[in-house]
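Reviewing the structure listed below.
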Amino acid sequence: MRTPTRARNNLFTPFILITAATLLLTACGSGADDTVSTSAQSDKIPTTDVVSAVKKDEAAAELLPSGARSLTIAVSVSGQPPGTSILDDGKTPAGQDVDFANAVAKVLGIRLRTEQAGFEAILPALDSGKYDLGVGNFGVTDERRKTIDFVTYINDGQGFATRKDSKLSKVTDLKQLCGLNIATGAGTTFEASLEDNKHLCTDGGKKAYKVQTYNEQGAIWSSLQQGRSDIVMSTINGLRYAVAHQEGVKFLNEFHRLDVGFAFKKGTKLAPAFQAAVNRLIADGTYEKILKKWGTTGSAITKSEISPPELKD
């Protein structure tokens with residue numbers, strides 16, 4: 001695994017059945033030293049309370065723009081931990097992003113009005129003012145920074161998984177995928193990266209790989225299990241969790257690390273307060289508790305940043 005340079009089956013059992021009780025999200029026991037918590041390994045969504053004890057931090061709260069006491073947050077539901085899932089009551093969202101958002105709200109003394117939204121719809125809706133912020137394991141890329149402001153809270157990134165009978169053991173170059181069918185999420189950095197680099201195959205005289213996009217994680221894994229796709233590209237965190245919960249599939253490797261952050265409309269005045277709140281959570285130990293709950297300690301950062309440059313390999 002590359003450490004961030006900044007402080008920073010039954011094979012044919014449909015995966016959706018496995019996760020209904022419980023990859024976009026994005027973005028993992030992602031480090032070689034990562035350990036997945038006991039709760040994260042069960043089929044039940046972890047429900048340990050790691051937020052209610054968080055206290056308001058007056059210094060961070062003073063950084064909020066005047067009148068910012070209630071914000072609308074858009075949450076992308078992926079259906080699988082550590083991404084956002086829905087509890088058995090059919091309405092309550094739960095996931096790593098949700099815990100971070102709720103903990104930051106406690107630090108700032110604000111109320112969050114949560115709305116579910118499709119992953120691909122959240123970023124465009126921020127500019128229109130429909131939402132004040134969004135979460136969904138949004139990786140910080142240079143392209144996104146042109147129109148979106150980010151406040152980082154974790155480091156995740158891109159990885160690959162496939163069936164255990166595949167001859168692939170590691171993907172270090174997209175040219176290894178020439179001629180294969182790649183399943184990934186619609187509107188993600190994975191789709192963009194794959195589409196932008198198709199030419200690597202044809203430039204070398206090989207058949208281009210085919211990018212198959214899906215809006216549901218269950219559909220992605222079903223396509224792999226049923227042989228309609230050869231490999232899955234998704235978040236490091238999500239892939240590691242997924243392969244731990246189904247037979248006949250394997251995690252290949254991390255491909256590209258990305259910072260992940262709260263997403264805001266470009267030019268937002270909320271960013272300094274949210275950055276201070278995340279740093280408060282890191283300092284008081286709440287941050288570590290959230291990561292342990294979701295089994296993502298290998299994706300920890302040491303300080304939050306506002307719209308940092310994209311991590312380069």
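Just so we're on the same page: first chain in the structure tokens is A, next is B, and so on; residues restart at 1 for each chain, and ligands are numbered from 1 in the order they show up.
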| task | Can you list, as an MDAnalysis selection string, all residues belonging to region 62-301 of chain A that DSSP tags as helix (DSSP H, G or I)? | result | chainID A and resid 96:108 119:128 144:146 174:177 189:196 199:203 217:225 236:244 271:284 286:294 297:299
Residue selection dump (C-alpha atoms) as a PDB file, in the first residue's frame:
ATOM      1  CA  GLN A  96     -19.136   6.117   8.165  1.00  0.00           C
ATOM      2  CA  ASP A  97     -20.102   9.297   6.291  1.00  0.00           C
ATOM      3  CA  VAL A  98     -23.211   9.677   8.438  1.00  0.00           C
ATOM      4  CA  ASP A  99     -21.220   9.341  11.660  1.00  0.00           C
ATOM      5  CA  PHE A 100     -18.694  11.942  10.522  1.00  0.00           C
ATOM      6  CA  ALA A 101     -21.445  14.344   9.480  1.00  0.00           C
ATOM      7  CA  ASN A 102     -23.351  13.935  12.743  1.00  0.00           C
ATOM      8  CA  ALA A 103     -20.186  14.300  14.821  1.00  0.00           C
ATOM      9  CA  VAL A 104     -19.220  17.510  13.003  1.00  0.00           C
ATOM     10  CA  ALA A 105     -22.745  18.838  13.544  1.00  0.00           C
ATOM     11  CA  LYS A 106     -22.375  18.213  17.277  1.00  0.00           C
ATOM     12  CA  VAL A 107     -19.046  20.064  17.369  1.00  0.00           C
ATOM     13  CA  LEU A 108     -20.564  23.033  15.537  1.00  0.00           C
ATOM     14  CA  PHE A 119     -24.511   9.617  -5.903  1.00  0.00           C
ATOM     15  CA  GLU A 120     -24.307  11.133  -9.376  1.00  0.00           C
ATOM     16  CA  ALA A 121     -26.910  13.812  -8.552  1.00  0.00           C
ATOM     17  CA  ILE A 122     -25.377  15.314  -5.415  1.00  0.00           C
ATOM     18  CA  LEU A 123     -22.459  17.356  -6.751  1.00  0.00           C
ATOM     19  CA  PRO A 124     -24.471  19.115  -9.492  1.00  0.00           C
ATOM     20  CA  ALA A 125     -27.226  19.911  -6.974  1.00  0.00           C
ATOM     21  CA  LEU A 126     -24.825  21.716  -4.641  1.00  0.00           C
ATOM     22  CA  ASP A 127     -24.333  24.514  -7.161  1.00  0.00           C
ATOM     23  CA  SER A 128     -28.082  25.050  -7.437  1.00  0.00           C
ATOM     24  CA  ARG A 144     -13.929  18.244  -9.167  1.00  0.00           C
ATOM     25  CA  ARG A 145     -12.103  21.073  -7.384  1.00  0.00           C
ATOM     26  CA  LYS A 146     -12.940  23.335 -10.322  1.00  0.00           C
ATOM     27  CA  LEU A 174      -4.980  -0.300 -16.951  1.00  0.00           C
ATOM     28  CA  LYS A 175      -3.558  -1.963 -20.039  1.00  0.00           C
ATOM     29  CA  GLN A 176      -3.868  -5.219 -18.095  1.00  0.00           C
ATOM     30  CA  LEU A 177      -7.646  -4.816 -18.468  1.00  0.00           C
ATOM     31  CA  THR A 189     -14.239   8.814 -10.393  1.00  0.00           C
ATOM     32  CA  PHE A 190     -13.858   5.148 -11.350  1.00  0.00           C
ATOM     33  CA  GLU A 191     -16.030   5.565 -14.433  1.00  0.00           C
ATOM     34  CA  ALA A 192     -14.193   8.757 -15.389  1.00  0.00           C
ATOM     35  CA  SER A 193     -10.742   7.197 -14.974  1.00  0.00           C
ATOM     36  CA  LEU A 194     -11.680   4.148 -17.005  1.00  0.00           C
ATOM     37  CA  GLU A 195     -13.276   6.111 -19.822  1.00  0.00           C
ATOM     38  CA  ASP A 196     -10.374   8.562 -20.003  1.00  0.00           C
ATOM     39  CA  HIS A 199      -7.129   4.677 -25.484  1.00  0.00           C
ATOM     40  CA  LEU A 200      -4.231   2.959 -23.716  1.00  0.00           C
ATOM     41  CA  CYS A 201      -5.484  -0.324 -25.142  1.00  0.00           C
ATOM     42  CA  THR A 202      -6.242   0.831 -28.662  1.00  0.00           C
ATOM     43  CA  ASP A 203      -3.001   2.849 -28.811  1.00  0.00           C
ATOM     44  CA  GLN A 217     -23.962  -2.100  -5.712  1.00  0.00           C
ATOM     45  CA  GLY A 218     -25.972  -5.335  -5.801  1.00  0.00           C
ATOM     46  CA  ALA A 219     -26.083  -5.088  -9.591  1.00  0.00           C
ATOM     47  CA  ILE A 220     -22.331  -4.571  -9.796  1.00  0.00           C
ATOM     48  CA  TRP A 221     -21.565  -7.720  -7.822  1.00  0.00           C
ATOM     49  CA  SER A 222     -24.212  -9.771  -9.577  1.00  0.00           C
ATOM     50  CA  SER A 223     -22.620  -8.864 -12.900  1.00  0.00           C
ATOM     51  CA  LEU A 224     -19.289 -10.167 -11.621  1.00  0.00           C
ATOM     52  CA  GLN A 225     -20.715 -13.316 -10.074  1.00  0.00           C
ATOM     53  CA  ILE A 236     -10.699   0.472  -1.453  1.00  0.00           C
ATOM     54  CA  ASN A 237     -12.771   0.444   1.743  1.00  0.00           C
ATOM     55  CA  GLY A 238     -15.909  -0.851   0.060  1.00  0.00           C
ATOM     56  CA  LEU A 239     -14.110  -3.585  -1.874  1.00  0.00           C
ATOM     57  CA  ARG A 240     -12.350  -4.939   1.186  1.00  0.00           C
ATOM     58  CA  TYR A 241     -15.632  -5.123   3.059  1.00  0.00           C
ATOM     59  CA  ALA A 242     -17.408  -6.740   0.120  1.00  0.00           C
ATOM     60  CA  VAL A 243     -14.920  -9.539  -0.442  1.00  0.00           C
ATOM     61  CA  ALA A 244     -14.966 -10.323   3.270  1.00  0.00           C
ATOM     62  CA  ALA A 271     -15.465  25.123   4.886  1.00  0.00           C
ATOM     63  CA  PRO A 272     -13.343  26.688   7.687  1.00  0.00           C
ATOM     64  CA  ALA A 273     -15.846  25.648  10.357  1.00  0.00           C
ATOM     65  CA  PHE A 274     -16.103  22.097   9.046  1.00  0.00           C
ATOM     66  CA  GLN A 275     -12.326  21.811   8.824  1.00  0.00           C
ATOM     67  CA  ALA A 276     -11.984  22.985  12.436  1.00  0.00           C
ATOM     68  CA  ALA A 277     -14.662  20.503  13.510  1.00  0.00           C
ATOM     69  CA  VAL A 278     -12.937  17.540  11.861  1.00  0.00           C
ATOM     70  CA  ASN A 279      -9.650  18.535  13.475  1.00  0.00           C
ATOM     71  CA  ARG A 280     -11.447  18.777  16.825  1.00  0.00           C
ATOM     72  CA  LEU A 281     -12.723  15.212  16.367  1.00  0.00           C
ATOM     73  CA  ILE A 282      -9.200  14.028  15.553  1.00  0.00           C
ATOM     74  CA  ALA A 283      -7.840  15.716  18.673  1.00  0.00           C
ATOM     75  CA  ASP A 284     -10.475  14.431  21.114  1.00  0.00           C
ATOM     76  CA  THR A 286     -13.839  10.661  18.370  1.00  0.00           C
ATOM     77  CA  TYR A 287     -12.276  10.372  14.929  1.00  0.00           C
ATOM     78  CA  GLU A 288     -10.454   7.166  15.840  1.00  0.00           C
ATOM     79  CA  LYS A 289     -13.620   5.706  17.380  1.00  0.00           C
ATOM     80  CA  ILE A 290     -15.529   6.260  14.135  1.00  0.00           C
ATOM     81  CA  LEU A 291     -12.808   4.599  12.059  1.00  0.00           C
ATOM     82  CA  LYS A 292     -12.609   1.609  14.403  1.00  0.00           C
ATOM     83  CA  LYS A 293     -16.381   1.196  14.267  1.00  0.00           C
ATOM     84  CA  TRP A 294     -16.303   0.925  10.469  1.00  0.00           C
ATOM     85  CA  THR A 297      -8.301   2.752  10.502  1.00  0.00           C
ATOM     86  CA  GLY A 298      -5.871   2.376   7.589  1.00  0.00           C
ATOM     87  CA  SER A 299      -7.560   5.358   5.936  1.00  0.00           C
TER      88      SER A 299
END
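Each of A:Leu311, A:Ile306, A:Leu133, A:Ile73 was checked against Ala263 (chain A) using only C-alpha atoms; the smallest atom-to-atom distance is that of A:Leu133.
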| Counting only C-alpha atoms, which of A:Gln116, A:Gly295, A:Val77, A:Asn197 gets nearest to Pro46 (chain A)? | A:Gly295
| task | Find, counting only C-alpha atoms, the residue in A:Gly227, A:Gly83, A:Gly109, A:Pro309 that gets nearest to Asp142 (chain A). | result |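 Of A:Gly227, A:Gly83, A:Gly109, A:Pro309, the one nearest Asp142 (chain A), counting only C-alpha atoms, is A:Pro309.
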| request: Pick out the closest residue to Gly134 (chain A) from this set: A:Ala59, A:Leu112, A:Ile182, A:Leu64. Count only C-alpha atoms. | output: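 The shortest atom-to-atom distance to Gly134 (chain A) comes from A:Leu112.
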| request: Just the strand (DSSP E or B) stuff from region 20-258 of chain A, please, per backbone DSSP, written as JSON, numbers by chain. | output: {"A": [70, 71, 72, 73, 74, 75, 77, 84, 85, 86, 93, 94, 111, 112, 113, 114, 115, 116, 133, 134, 135, 139, 148, 149, 150, 151, 152, 153, 154, 155, 156, 157, 158, 159, 160, 161, 162, 163, 181, 182, 183, 184, 185, 210, 211, 212, 213, 214, 231, 232, 233, 234, 235, 249, 250, 251, 252, 253, 254, 255, 256, 257, 258]}
